[in-house]
>>> print(open('work35.txt').read())   # compact mmCIF, C-alpha atoms and all ligand atoms
# COMPACT_ATOMS: atom_id res chain seq x y z
CA MET N 17 3.04 80.60 117.45
CA GLY N 18 -0.06 82.80 117.08
CA SER N 19 -0.18 85.59 119.64
CA SER N 20 3.17 84.49 121.03
CA ARG N 21 4.55 86.42 118.05
CA GLU N 22 2.83 89.64 119.07
CA GLY N 23 3.77 92.08 121.74
CA GLY N 24 4.09 95.67 122.78
CA CYS N 25 4.80 98.19 125.49
CA SER N 26 2.90 98.76 128.72
CA CYS N 27 0.63 101.57 127.53
CA GLY N 28 -0.30 99.97 124.23
CA ALA N 29 0.99 102.78 122.02
CA VAL N 30 3.59 100.40 120.54
CA ARG N 31 2.44 97.07 119.16
CA TYR N 32 4.55 94.77 117.03
CA ARG N 33 4.26 91.43 115.30
CA LEU N 34 7.02 89.03 114.32
CA VAL N 35 6.30 87.61 110.89
CA SER N 36 8.39 84.48 111.45
CA ASP N 37 10.22 82.55 114.11
CA PRO N 38 13.36 84.28 115.37
CA LEU N 39 16.85 83.41 114.15
CA PHE N 40 17.93 82.42 117.66
CA VAL N 41 17.00 83.23 121.24
CA HIS N 42 19.59 84.57 123.69
CA CYS N 43 19.34 84.63 127.44
CA CYS N 44 22.03 87.13 128.41
CA HIS N 45 23.34 87.37 131.94
CA CYS N 46 25.81 90.21 131.31
CA LEU N 47 26.06 93.21 133.58
CA ASN N 48 24.79 95.57 130.87
CA CYS N 49 21.60 93.58 130.44
CA GLN N 50 21.13 93.26 134.17
CA ARG N 51 21.48 97.03 134.59
CA GLN N 52 19.27 97.90 131.62
CA THR N 53 16.45 95.64 132.72
CA GLY N 54 16.88 95.92 136.47
CA SER N 55 16.65 92.15 136.51
CA ALA N 56 18.86 89.07 136.54
CA PHE N 57 19.02 88.59 132.76
CA VAL N 58 17.35 89.54 129.50
CA ILE N 59 15.79 87.25 126.92
CA ASN N 60 16.28 88.50 123.38
CA LEU N 61 14.74 87.15 120.19
CA LEU N 62 17.21 87.83 117.39
CA ILE N 63 15.29 88.49 114.19
CA GLU N 64 15.68 90.39 110.96
CA ALA N 65 14.40 93.95 111.39
CA ASP N 66 12.23 93.59 108.30
CA ARG N 67 10.43 90.69 109.97
CA VAL N 68 9.29 92.92 112.82
CA GLU N 69 6.09 94.62 111.73
CA LEU N 70 4.94 97.62 113.68
CA ALA N 71 1.19 97.43 114.11
CA ALA N 72 1.06 100.63 116.18
CA GLY N 73 3.42 103.36 117.29
CA ALA N 74 7.05 104.05 116.55
CA PRO N 75 9.64 103.00 119.14
CA GLU N 76 12.34 105.63 119.53
CA PRO N 77 16.02 104.64 119.71
CA VAL N 78 18.03 105.73 122.74
CA ASP N 79 21.82 105.34 122.81
CA ALA N 80 22.77 103.36 125.91
CA PRO N 81 26.45 103.21 126.88
CA ARG N 82 27.89 99.77 127.50
CA ASP N 83 30.76 98.83 129.80
CA ASP N 84 33.07 98.15 126.83
CA GLY N 85 32.69 101.75 125.66
CA SER N 86 30.34 100.92 122.80
CA LYS N 87 26.76 102.06 122.53
CA GLN N 88 23.65 100.05 121.98
CA LYS N 89 20.39 101.39 120.64
CA ILE N 90 17.43 100.63 122.85
CA TYR N 91 14.06 101.24 121.21
CA ARG N 92 11.50 102.57 123.65
CA CYS N 93 7.84 103.50 123.52
CA PRO N 94 7.77 107.31 123.26
CA ASP N 95 4.96 107.43 125.83
CA CYS N 96 5.57 104.83 128.56
CA GLN N 97 9.30 104.36 127.77
CA VAL N 98 9.19 100.58 127.96
CA ALA N 99 12.05 99.05 125.96
CA VAL N 100 10.81 96.69 123.27
CA PHE N 101 13.88 96.12 121.05
CA SER N 102 17.55 96.88 120.83
CA ASP N 103 20.25 96.68 118.22
CA TYR N 104 23.95 96.24 118.66
CA GLY N 105 25.27 98.28 115.77
CA ARG N 106 23.72 96.17 113.03
CA PRO N 107 20.26 97.64 112.42
CA GLU N 108 19.40 94.74 110.10
CA VAL N 109 19.01 92.52 113.17
CA LEU N 110 16.78 93.47 116.07
CA PHE N 111 16.93 91.98 119.53
CA VAL N 112 13.29 91.79 120.61
CA ARG N 113 12.81 91.64 124.36
CA ALA N 114 10.84 88.50 125.07
CA GLY N 115 9.27 90.01 128.16
CA THR N 116 7.30 92.37 125.91
CA LEU N 117 5.62 89.52 124.05
CA ASP N 118 2.00 88.85 124.91
CA GLU N 119 3.11 85.33 125.89
CA PRO N 120 6.67 85.56 127.21
CA GLY N 121 6.51 81.99 128.44
CA ALA N 122 6.14 80.70 124.88
CA VAL N 123 9.81 81.49 124.24
CA THR N 124 12.65 79.29 125.48
CA PRO N 125 16.29 80.43 125.27
CA ASP N 126 18.48 78.58 122.74
CA VAL N 127 21.65 79.65 124.55
CA HIS N 128 22.74 81.28 127.81
CA ILE N 129 25.57 83.80 127.44
CA PHE N 130 27.76 85.80 129.82
CA THR N 131 27.10 83.30 132.56
CA ARG N 132 30.25 84.58 134.27
CA SER N 133 28.00 87.27 135.76
CA LYS N 134 24.92 85.10 136.24
CA VAL N 135 23.36 85.66 139.64
CA GLY N 136 23.94 82.74 141.96
CA TRP N 137 20.33 81.83 142.61
CA VAL N 138 19.50 81.23 138.94
CA THR N 139 20.02 77.58 137.99
CA LEU N 140 20.32 76.88 134.29
CA PRO N 141 18.97 73.75 132.58
CA GLU N 142 21.74 71.37 131.54
CA SER N 143 19.98 70.82 128.22
CA THR N 144 20.67 74.36 127.00
CA PRO N 145 24.18 75.45 125.93
CA ALA N 146 25.73 78.02 128.26
CA PHE N 147 28.89 80.09 127.84
CA ASP N 148 30.99 82.18 130.21
CA VAL N 149 31.06 84.92 127.59
CA TYR N 150 29.93 84.35 124.00
CA TYR N 151 29.80 81.57 121.42
CA ASP N 152 30.37 80.81 117.74
CA ARG N 153 27.04 81.01 115.96
CA HIS N 154 28.28 78.64 113.26
CA GLU N 155 28.37 75.92 115.89
CA LEU N 156 24.94 76.56 117.40
CA TRP N 157 22.55 78.19 114.96
CA PRO N 158 20.41 76.07 112.63
CA ALA N 159 21.59 76.23 109.01
CA ALA N 160 18.42 78.04 107.99
CA SER N 161 19.10 80.83 110.50
CA LEU N 162 22.69 81.21 109.31
CA GLU N 163 21.41 81.53 105.76
CA ARG N 164 18.85 84.11 106.81
CA LEU N 165 21.52 86.16 108.58
CA ASP N 166 23.85 86.02 105.58
CA ALA N 167 20.98 87.15 103.37
CA VAL N 168 20.06 90.13 105.49
CA LEU N 169 23.68 91.28 105.94
CA ALA N 170 24.55 90.84 102.25
ZN ZN N 201 3.92 102.58 125.72
ZN ZN N 202 23.79 91.12 127.87
>>> encode(input="work35.txt", output="structure tokens")
Amino acid sequence: MGSSREGGCSCGAVRYRLVSDPLFVHCCHCLNCQRQTGSAFVINLLIEADRVELAAGAPEPVDAPRDDGSKQKIYRCPDCQVAVFSDYGRPEVLFVRAGTLDEPGAVTPDVHIFTRSKVGWVTLPESTPAFDVYYDRHELWPAASLERLDAVLA
């Protein structure tokens, strides 16, 4: 992947590098993600936190309330406040925001989720699984990714 595994914030204070491919790539169309990004969806690379190397800076976690009453940590550059990662209560797995990669176009979603709130003008490819809400990872993830997740949560 080369530089498609590197990314950072807008001001350059935070730079990160993914040391391997992600476990799986989500394109989430939920209302929380739309609100947080100010856009139609977010693209998240799910990857073990210990496979995200910080080359510069230290993103700071901010607790963001979600519509279900839970909170999600969004990691932001302390200077320009761009959000680079989040976690959903399991700090072992980071959700890296693909738009902060140096080459966002190098990443293709493996699944579309929460399509019940997808904006009408976005048309999804038929070749990619899509779910009204969520899915069973045991049915979609490659075996190697399931093993990696088990290992990091053990
Ligand atoms: Zn910054
Ligand atoms: Zn979402």
>>> residues_near_ligand(input="work35.txt", ligand="ligand ZN 201 (chain N)", cutoff="10 Å", atoms="all atoms listed in the file", output="PyMOL selection string")
chain N and resi 24-31+73-75+92-100
>>> closest_atom_pairs(input="work35.txt", of="chain N", to="ligand ZN 202 (chain N)", cutoff="7 Å", atoms="all atoms listed in the file", output="JSON lines")
{"residue": "N:Cys44", "atom": "CA", "partner": "N:ZN202", "partner_atom": "ZN", "distance": 4.4}
{"residue": "N:His45", "atom": "CA", "partner": "N:ZN202", "partner_atom": "ZN", "distance": 5.6}
{"residue": "N:Cys46", "atom": "CA", "partner": "N:ZN202", "partner_atom": "ZN", "distance": 4.1}
{"residue": "N:Leu47", "atom": "CA", "partner": "N:ZN202", "partner_atom": "ZN", "distance": 6.5}
{"residue": "N:Asn48", "atom": "CA", "partner": "N:ZN202", "partner_atom": "ZN", "distance": 5.5}
{"residue": "N:Cys49", "atom": "CA", "partner": "N:ZN202", "partner_atom": "ZN", "distance": 4.2}
{"residue": "N:Val58", "atom": "CA", "partner": "N:ZN202", "partner_atom": "ZN", "distance": 6.8}
{"residue": "N:Phe130", "atom": "CA", "partner": "N:ZN202", "partner_atom": "ZN", "distance": 6.9}
>>> residues_around(input="work35.txt", residues="N:Pro125", least_positions_apart="6", cutoff="8 Å", atoms="only C-alpha atoms", output="PDB file with C-alpha atoms, in the frame of the given file")
ATOM      1  CA  VAL N  41      17.000  83.230 121.240  1.00  0.00           C
ATOM      2  CA  HIS N  42      19.590  84.570 123.690  1.00  0.00           C
ATOM      3  CA  CYS N  43      19.340  84.630 127.440  1.00  0.00           C
ATOM      4  CA  ILE N  59      15.790  87.250 126.920  1.00  0.00           C
ATOM      5  CA  THR N 144      20.670  74.360 127.000  1.00  0.00           C
TER       6      THR N 144
END
>>> residues_around(input="work35.txt", residues="N:Val168", least_positions_apart="2", cutoff="12 Å", atoms="all atoms listed in the file", output="JSON, numbers by chain")
{"N": [39, 63, 64, 65, 66, 67, 106, 107, 108, 109, 110, 161, 162, 163, 164, 165, 166, 170]}
>>> write_last_selection(input="work35.txt", atoms="C-alpha atoms", output="JSON list (two decimals), keeping the file's coordinate frame")
[["chain", "number", "residue", "atom", "x", "y", "z"],
["N", 39, "LEU", "CA", 16.85, 83.41, 114.15],
["N", 63, "ILE", "CA", 15.29, 88.49, 114.19],
["N", 64, "GLU", "CA", 15.68, 90.39, 110.96],
["N", 65, "ALA", "CA", 14.40, 93.95, 111.39],
["N", 66, "ASP", "CA", 12.23, 93.59, 108.30],
["N", 67, "ARG", "CA", 10.43, 90.69, 109.97],
["N", 106, "ARG", "CA", 23.72, 96.17, 113.03],
["N", 107, "PRO", "CA", 20.26, 97.64, 112.42],
["N", 108, "GLU", "CA", 19.40, 94.74, 110.10],
["N", 109, "VAL", "CA", 19.01, 92.52, 113.17],
["N", 110, "LEU", "CA", 16.78, 93.47, 116.07],
["N", 161, "SER", "CA", 19.10, 80.83, 110.50],
["N", 162, "LEU", "CA", 22.69, 81.21, 109.31],
["N", 163, "GLU", "CA", 21.41, 81.53, 105.76],
["N", 164, "ARG", "CA", 18.85, 84.11, 106.81],
["N", 165, "LEU", "CA", 21.52, 86.16, 108.58],
["N", 166, "ASP", "CA", 23.85, 86.02, 105.58],
["N", 170, "ALA", "CA", 24.55, 90.84, 102.25]]
>>> closest_residue(input="work35.txt", among="N:Ala160, N:Pro81, N:Leu140, N:Ala56", to="N:Asp37", atoms="all atoms listed in the file")
N:Ala160
>>> residues_near_point(input="work35.txt", point="(14.6, 88.5, 124.1)", cutoff="6 Å", atoms="only C-alpha atoms", output="PyMOL selection string")
chain N and resi 59-61+112-114
>>> atom_distance(input="work35.txt", atom1="atom CA of N:Phe57", atom2="atom CA of N:Pro141")
14.8 Å
>>> axis_aligned_box(input="work35.txt", around="stretch 84-87 of chain N", padding_each_side="3 Å", output="JSON")
{"center_x": 29.9, "center_y": 100.1, "center_z": 124.7, "size_x": 12.3, "size_y": 9.9, "size_z": 10.3}
>>> residues_around(input="work35.txt", residues="N:Ser143", least_positions_apart="5", cutoff="12 Å", atoms="all atoms listed in the file", output="PyMOL selection string")
chain N and resi 124-128
>>> build_atoms(input="work35.txt", residues="stretch 19-30 of chain N", atoms="all heavy atoms", output="mmCIF file, keeping the file's coordinate frame")
data_model
loop_
_atom_site.group_PDB
_atom_site.id
_atom_site.type_symbol
_atom_site.label_atom_id
_atom_site.label_comp_id
_atom_site.auth_asym_id
_atom_site.auth_seq_id
_atom_site.Cartn_x
_atom_site.Cartn_y
_atom_site.Cartn_z
ATOM 1 N N SER N 19 -0.389 84.332 118.924
ATOM 2 C CA SER N 19 -0.180 85.590 119.640
ATOM 3 C C SER N 19 1.154 85.603 120.373
ATOM 4 O O SER N 19 1.562 86.630 120.884
ATOM 5 C CB SER N 19 -1.317 85.845 120.621
ATOM 6 O OG SER N 19 -1.352 84.838 121.598
ATOM 7 N N SER N 20 1.836 84.464 120.437
ATOM 8 C CA SER N 20 3.170 84.490 121.030
ATOM 9 C C SER N 20 4.146 85.224 120.124
ATOM 10 O O SER N 20 5.291 85.430 120.484
ATOM 11 C CB SER N 20 3.661 83.072 121.310
ATOM 12 O OG SER N 20 3.760 82.346 120.111
ATOM 13 N N ARG N 21 3.712 85.602 118.927
ATOM 14 C CA ARG N 21 4.550 86.420 118.050
ATOM 15 C C ARG N 21 4.180 87.889 118.105
ATOM 16 O O ARG N 21 4.721 88.689 117.361
ATOM 17 C CB ARG N 21 4.395 85.945 116.601
ATOM 18 C CG ARG N 21 5.183 84.711 116.289
ATOM 19 C CD ARG N 21 5.504 84.705 114.812
ATOM 20 N NE ARG N 21 6.046 83.421 114.402
ATOM 21 C CZ ARG N 21 5.677 82.781 113.303
ATOM 22 N NH1 ARG N 21 4.754 83.300 112.523
ATOM 23 N NH2 ARG N 21 6.234 81.641 112.978
ATOM 24 N N GLU N 22 3.230 88.236 118.971
ATOM 25 C CA GLU N 22 2.830 89.640 119.070
ATOM 26 C C GLU N 22 3.178 90.184 120.443
ATOM 27 O O GLU N 22 3.199 89.444 121.428
ATOM 28 C CB GLU N 22 1.321 89.770 118.818
ATOM 29 C CG GLU N 22 0.933 89.371 117.420
ATOM 30 C CD GLU N 22 -0.569 89.401 117.200
ATOM 31 O OE1 GLU N 22 -1.292 89.893 118.087
ATOM 32 O OE2 GLU N 22 -1.000 88.922 116.146
ATOM 33 N N GLY N 23 3.445 91.475 120.458
ATOM 34 C CA GLY N 23 3.770 92.080 121.740
ATOM 35 C C GLY N 23 3.684 93.578 121.667
ATOM 36 O O GLY N 23 3.230 94.154 120.675
ATOM 37 N N GLY N 24 4.132 94.220 122.743
ATOM 38 C CA GLY N 24 4.090 95.670 122.780
ATOM 39 C C GLY N 24 4.517 96.199 124.132
ATOM 40 O O GLY N 24 4.968 95.453 125.004
ATOM 41 N N CYS N 25 4.387 97.507 124.255
ATOM 42 C CA CYS N 25 4.800 98.190 125.490
ATOM 43 C C CYS N 25 3.684 98.105 126.528
ATOM 44 O O CYS N 25 2.650 97.488 126.311
ATOM 45 C CB CYS N 25 5.120 99.641 125.153
ATOM 46 S SG CYS N 25 3.656 100.547 124.612
ATOM 47 N N SER N 26 3.883 98.818 127.639
ATOM 48 C CA SER N 26 2.900 98.760 128.720
ATOM 49 C C SER N 26 1.642 99.573 128.434
ATOM 50 O O SER N 26 0.550 99.198 128.852
ATOM 51 C CB SER N 26 3.512 99.275 130.029
ATOM 52 O OG SER N 26 4.489 98.386 130.492
ATOM 53 N N CYS N 27 1.790 100.693 127.725
ATOM 54 C CA CYS N 27 0.630 101.570 127.530
ATOM 55 C C CYS N 27 -0.163 101.217 126.282
ATOM 56 O O CYS N 27 -1.269 101.720 126.090
ATOM 57 C CB CYS N 27 1.055 103.035 127.507
ATOM 58 S SG CYS N 27 1.824 103.576 125.972
ATOM 59 N N GLY N 28 0.412 100.380 125.424
ATOM 60 C CA GLY N 28 -0.300 99.970 124.230
ATOM 61 C C GLY N 28 -0.049 100.839 123.013
ATOM 62 O O GLY N 28 -0.549 100.535 121.924
ATOM 63 N N ALA N 29 0.710 101.924 123.172
ATOM 64 C CA ALA N 29 0.990 102.780 122.020
ATOM 65 C C ALA N 29 1.853 102.062 120.984
ATOM 66 O O ALA N 29 1.733 102.306 119.786
ATOM 67 C CB ALA N 29 1.685 104.071 122.472
ATOM 68 N N VAL N 30 2.750 101.188 121.457
ATOM 69 C CA VAL N 30 3.590 100.400 120.540
ATOM 70 C C VAL N 30 3.096 98.971 120.542
ATOM 71 O O VAL N 30 2.967 98.332 121.597
ATOM 72 C CB VAL N 30 5.074 100.441 120.974
ATOM 73 C CG1 VAL N 30 5.887 99.408 120.186
ATOM 74 C CG2 VAL N 30 5.645 101.832 120.775
#
